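Enquirer: Provided herewith is a single structure, encoded as structure tokens, for subsequent inquiry.
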Amino acid sequence: GLALFGLVLKLAGLENIVGSVKSFSPAYFFPFLLVSFALFLAAAYRWKTILNGEKIRISIWTLLKYKFVVFGLNYLTPSVRLGGEPIKILLLKRQNVKLSKSFASVVVDNFVGMGFDAVIAALVLLVLLVTGIPFSESARKLFMALAVFALFGVTASYLLLAKKKGTVFSYLLTIAGTLTGTKKHKWFKPLSEKVAKAEFYMREMLTNRQKSKNLWLAILFASLSWPLTVLQYKLALQMLGIDVSFTQILISIIMLSFTTLIPIPGALGVQEAGQFSAFKLFSANPHAGIALSLVLRAKDMLFLLVSFLLVSREGVGVFRLINKKLTDTLNGRNKRKNKE
């Protein structure tokens, strides 16, 4: 990732990137950070509404803190939006939430957030394709492929999560147990039952009519991500003194969303290359795209610092919890062996 990041900057040339910035204005920096914070707040409320549907009451500030903690872990793993999710489950355990419900809430929260983003991105791409914007043939094929992939992925994910008998997690656990030989162990059956219980809660959150109000409310909070992100990009570009169209901003957001799927921590280099391509697509100054990416990355570094500060406070407790769970598991196995 670092090598790719350095390569992109070298090929673009720092002097070209700096030269593309017409008139830097720090006056937009605070509003830019405020909108970026609002994105975290909307995501925390989305998670809270899902938990409320299960009668789990946790303060919004606690969930916001957990979002920041996981952001840092996600950012440093190959999958930018998923790497630290197991820590969410453990953090909820500290709030006396059952592991099965914690697991289900985290999965559904990610499905709603990422699924809504994917659907909107696909619809935006399809609208751009039919509005007669003069894209090249290769760009049109790429956009069509991304749109179809996104819609198919969301539909398939929903069907897998909403199935009445077992979901992808049960299948993966069974396959892993068979390949590793652990399926024969006594602890495998209780683990399978816990996974099945979590899958039951997922189906309830996604399909239960009584809980549909909470699901729609979660989708509402997820929908806030797009206008807030557009405003975030607009403020970042205003800060750089760059003027681009609304369509260009949408393409930049979509490009960023898909580059985060590439398994490189922090999308290093890939994000910069994506923004370079997005700006070049509209015959705009492509170096301005890299400048925009660097501003977004600077914001990420600031939030990463906040995440590290929170992890330094929460981390010890989390590791103690992990240690306790492992100890309890081992003690339980030893007791069963002694009885035998």
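As shown in the structure tokens, the chain order sets the letters A, B, ...; within each chain, residues go from 1, and ligands are also counted from 1 in the order they appear.
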What's around region 5-8 of chain A at 10 Å? Count only C-alpha atoms, leave out sequence neighbours fewer than 3 positions away in its own chain, and write the answer as a PyMOL selection string.

Expert: chain A and resi 1-2+11-14+267-273+276+290

Enquirer: Which residues come within 9 Å of region 120-127 of chain A, counting only C-alpha atoms, excluding same-chain residues fewer than 6 positions away, as a CSV table (one decimal) with N, CA and C atoms, in the first residue's frame?

Expert:
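Result file part_28.csv:
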chain,number,residue,atom,x,y,z
A,143,PHE,N,-18.8,1.2,-15.5
A,143,PHE,CA,-19.8,1.7,-14.7
A,143,PHE,C,-21.0,0.7,-14.7
A,144,MET,N,-21.3,0.1,-15.8
A,144,MET,CA,-22.4,-0.8,-15.9
A,144,MET,C,-22.1,-2.1,-15.1
A,146,LEU,N,-20.0,-2.3,-12.5
A,146,LEU,CA,-20.0,-1.9,-11.1
A,146,LEU,C,-21.5,-1.8,-10.6
A,147,ALA,N,-22.4,-1.2,-11.4
A,147,ALA,CA,-23.8,-1.1,-10.9
A,147,ALA,C,-24.4,-2.5,-10.8
A,148,VAL,N,-24.2,-3.4,-11.8
A,148,VAL,CA,-24.8,-4.7,-11.7
A,148,VAL,C,-24.2,-5.5,-10.5
A,149,PHE,N,-22.9,-5.4,-10.3
A,149,PHE,CA,-22.2,-6.1,-9.2
A,149,PHE,C,-22.8,-5.6,-7.9
A,150,ALA,N,-23.0,-4.3,-7.7
A,150,ALA,CA,-23.5,-3.7,-6.5
A,150,ALA,C,-24.9,-4.2,-6.2
A,151,LEU,N,-25.8,-4.1,-7.2
A,151,LEU,CA,-27.2,-4.6,-7.0
A,151,LEU,C,-27.3,-6.1,-6.7
A,223,SER,N,-29.3,6.7,5.0
A,223,SER,CA,-29.5,7.6,3.8
A,223,SER,C,-28.9,9.0,4.0
A,226,TRP,N,-25.2,10.0,2.3
A,226,TRP,CA,-24.9,10.5,0.9
A,226,TRP,C,-25.0,12.0,0.9
A,250,LEU,N,-20.2,13.2,-7.3
A,250,LEU,CA,-20.8,11.9,-7.1
A,250,LEU,C,-19.9,10.8,-7.7
A,251,ILE,N,-19.3,11.0,-8.8
A,251,ILE,CA,-18.4,10.1,-9.4
A,251,ILE,C,-17.2,9.8,-8.4
A,253,ILE,N,-17.2,10.2,-5.2
A,253,ILE,CA,-17.6,9.4,-4.0
A,253,ILE,C,-17.8,7.9,-4.3
A,254,ILE,N,-18.3,7.7,-5.5
A,254,ILE,CA,-18.5,6.3,-5.9
A,254,ILE,C,-17.2,5.6,-6.1
A,257,SER,N,-15.8,4.7,-2.8
A,257,SER,CA,-16.5,3.6,-2.2
A,257,SER,C,-15.9,2.2,-2.8

Enquirer: Measuring between only C-alpha atoms, which one of A:Leu302, A:Ala218, A:Ile17, A:Leu309 shows the shortest distance to Ala44 (chain A)?

Expert: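 Of A:Leu302, A:Ala218, A:Ile17, A:Leu309, the one nearest Ala44 (chain A), counting only C-alpha atoms, is A:Ala218.
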
Enquirer: As an NGL selection string, please: every residue in region 157-340 of chain A that a backbone DSSP assignment puts in helix (DSSP H, G or I).

Expert: :A and (157-162 or 168-180 or 182-184 or 188-207 or 209-223 or 225-240 or 246-259 or 265-267 or 270-281 or 286-339)

Enquirer: Using only C-alpha atoms, find each residue of region 39-73 of chain A with at least one atom at most 9 Å away from an atom of region 105-108 of chain A; report its shortest atom-to-atom pair and that distance in Å (one decimal), sort the rows by chain and rising residue number, and return the result as JSON lines.

Expert:
{"residue": "A:Trp47", "atom": "CA", "partner": "A:Ser105", "partner_atom": "CA", "distance": 7.4}
{"residue": "A:Ile50", "atom": "CA", "partner": "A:Ser105", "partner_atom": "CA", "distance": 6.4}
{"residue": "A:Leu51", "atom": "CA", "partner": "A:Ser105", "partner_atom": "CA", "distance": 6.4}
{"residue": "A:Glu54", "atom": "CA", "partner": "A:Ser105", "partner_atom": "CA", "distance": 8.9}

Enquirer: Using only C-alpha atoms, determine which residues lie at most 10 Å from Val311 (chain A), disregarding the query and same-chain residues fewer than 6 positions distant; provide the list as a list of chain:residue names.

Expert: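 Once the adjacent positions are removed, what remains is A:Lys65, A:Tyr66, A:Phe68, A:Val69, A:Val70, A:Gly72, A:Leu73, A:Leu305, A:Gly317, A:Val318.
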
Enquirer: Take the residues just selected and output them with all heavy atoms as a short mmCIF file (atom, residue, chain, number, x, y, z; two decimals), in the first residue's frame.

Expert:
data_model
loop_
_atom_site.label_atom_id
_atom_site.label_comp_id
_atom_site.auth_asym_id
_atom_site.auth_seq_id
_atom_site.Cartn_x
_atom_site.Cartn_y
_atom_site.Cartn_z
N LYS A 65 -18.45 6.33 20.52
CA LYS A 65 -17.08 6.02 20.95
C LYS A 65 -16.64 4.68 20.37
O LYS A 65 -15.51 4.57 19.86
CB LYS A 65 -17.03 5.97 22.49
CG LYS A 65 -15.65 5.63 23.05
CD LYS A 65 -15.66 5.74 24.57
CE LYS A 65 -16.57 4.72 25.21
NZ LYS A 65 -16.49 4.73 26.69
N TYR A 66 -17.51 3.70 20.38
CA TYR A 66 -17.18 2.39 19.81
C TYR A 66 -16.94 2.50 18.30
O TYR A 66 -16.07 1.81 17.75
CB TYR A 66 -18.31 1.39 20.08
CG TYR A 66 -18.43 0.99 21.54
CD1 TYR A 66 -19.52 0.23 21.98
CD2 TYR A 66 -17.48 1.37 22.48
CE1 TYR A 66 -19.64 -0.15 23.31
CE2 TYR A 66 -17.61 1.01 23.82
CZ TYR A 66 -18.69 0.25 24.22
OH TYR A 66 -18.81 -0.12 25.53
N PHE A 68 -15.69 5.03 16.72
CA PHE A 68 -14.36 5.61 16.53
C PHE A 68 -13.27 4.57 16.82
O PHE A 68 -12.25 4.52 16.13
CB PHE A 68 -14.17 6.83 17.44
CG PHE A 68 -14.55 8.12 16.79
CD1 PHE A 68 -15.75 8.75 17.10
CD2 PHE A 68 -13.73 8.72 15.86
CE1 PHE A 68 -16.11 9.94 16.51
CE2 PHE A 68 -14.07 9.92 15.25
CZ PHE A 68 -15.27 10.53 15.57
N VAL A 69 -13.48 3.77 17.87
CA VAL A 69 -12.51 2.72 18.21
C VAL A 69 -12.34 1.77 17.04
O VAL A 69 -11.22 1.45 16.62
CB VAL A 69 -12.97 1.95 19.47
CG1 VAL A 69 -12.15 0.66 19.65
CG2 VAL A 69 -12.82 2.82 20.71
N VAL A 70 -13.45 1.33 16.47
CA VAL A 70 -13.41 0.35 15.39
C VAL A 70 -12.90 0.99 14.09
O VAL A 70 -12.28 0.31 13.27
CB VAL A 70 -14.82 -0.28 15.18
CG1 VAL A 70 -14.85 -1.16 13.95
CG2 VAL A 70 -15.21 -1.09 16.42
N GLY A 72 -10.40 3.00 13.65
CA GLY A 72 -8.95 2.87 13.58
C GLY A 72 -8.52 1.46 13.22
O GLY A 72 -7.60 1.26 12.42
N LEU A 73 -9.20 0.47 13.81
CA LEU A 73 -8.85 -0.92 13.53
C LEU A 73 -9.21 -1.28 12.09
O LEU A 73 -8.46 -1.99 11.41
CB LEU A 73 -9.58 -1.84 14.51
CG LEU A 73 -9.21 -1.62 15.98
CD1 LEU A 73 -10.15 -2.40 16.89
CD2 LEU A 73 -7.77 -2.05 16.25
N LEU A 305 -6.08 9.25 15.01
CA LEU A 305 -5.48 9.64 16.29
C LEU A 305 -6.51 9.57 17.40
O LEU A 305 -6.23 9.07 18.50
CB LEU A 305 -4.91 11.05 16.17
CG LEU A 305 -4.30 11.65 17.45
CD1 LEU A 305 -3.13 10.80 17.93
CD2 LEU A 305 -3.86 13.10 17.21
N GLY A 317 -9.37 -3.12 28.68
CA GLY A 317 -10.58 -3.82 29.07
C GLY A 317 -11.00 -4.86 28.05
O GLY A 317 -11.46 -5.94 28.40
N VAL A 318 -10.84 -4.52 26.76
CA VAL A 318 -11.21 -5.47 25.70
C VAL A 318 -10.32 -6.70 25.76
O VAL A 318 -10.80 -7.84 25.67
CB VAL A 318 -11.10 -4.79 24.32
CG1 VAL A 318 -11.28 -5.82 23.21
CG2 VAL A 318 -12.13 -3.69 24.18
#

Enquirer: With distances taken over only C-alpha atoms, which residue among A:Val244, A:Ala3, A:Leu99, A:Ile87 lies nearest Val230 (chain A)?

Expert: A:Val244

Enquirer: Quick one: pull the distance between CA of Gly153 (chain A) and CA of Gly113 (chain A), Å, one decimal.

Expert: 13.6 Å

Enquirer: Could you check which of A:Ser136, A:Ser225, A:Ser293, A:Ser312 is closest to Gly274 (chain A), using only C-alpha atoms?

Expert: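 So, comparing all the options, the nearest one is A:Ser293.
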
Enquirer: If you measure from CA of Lys93 (chain A) to CA of Thr62 (chain A), what distance in Å do you get, rounded to one decimal?

Expert: 12.8 Å
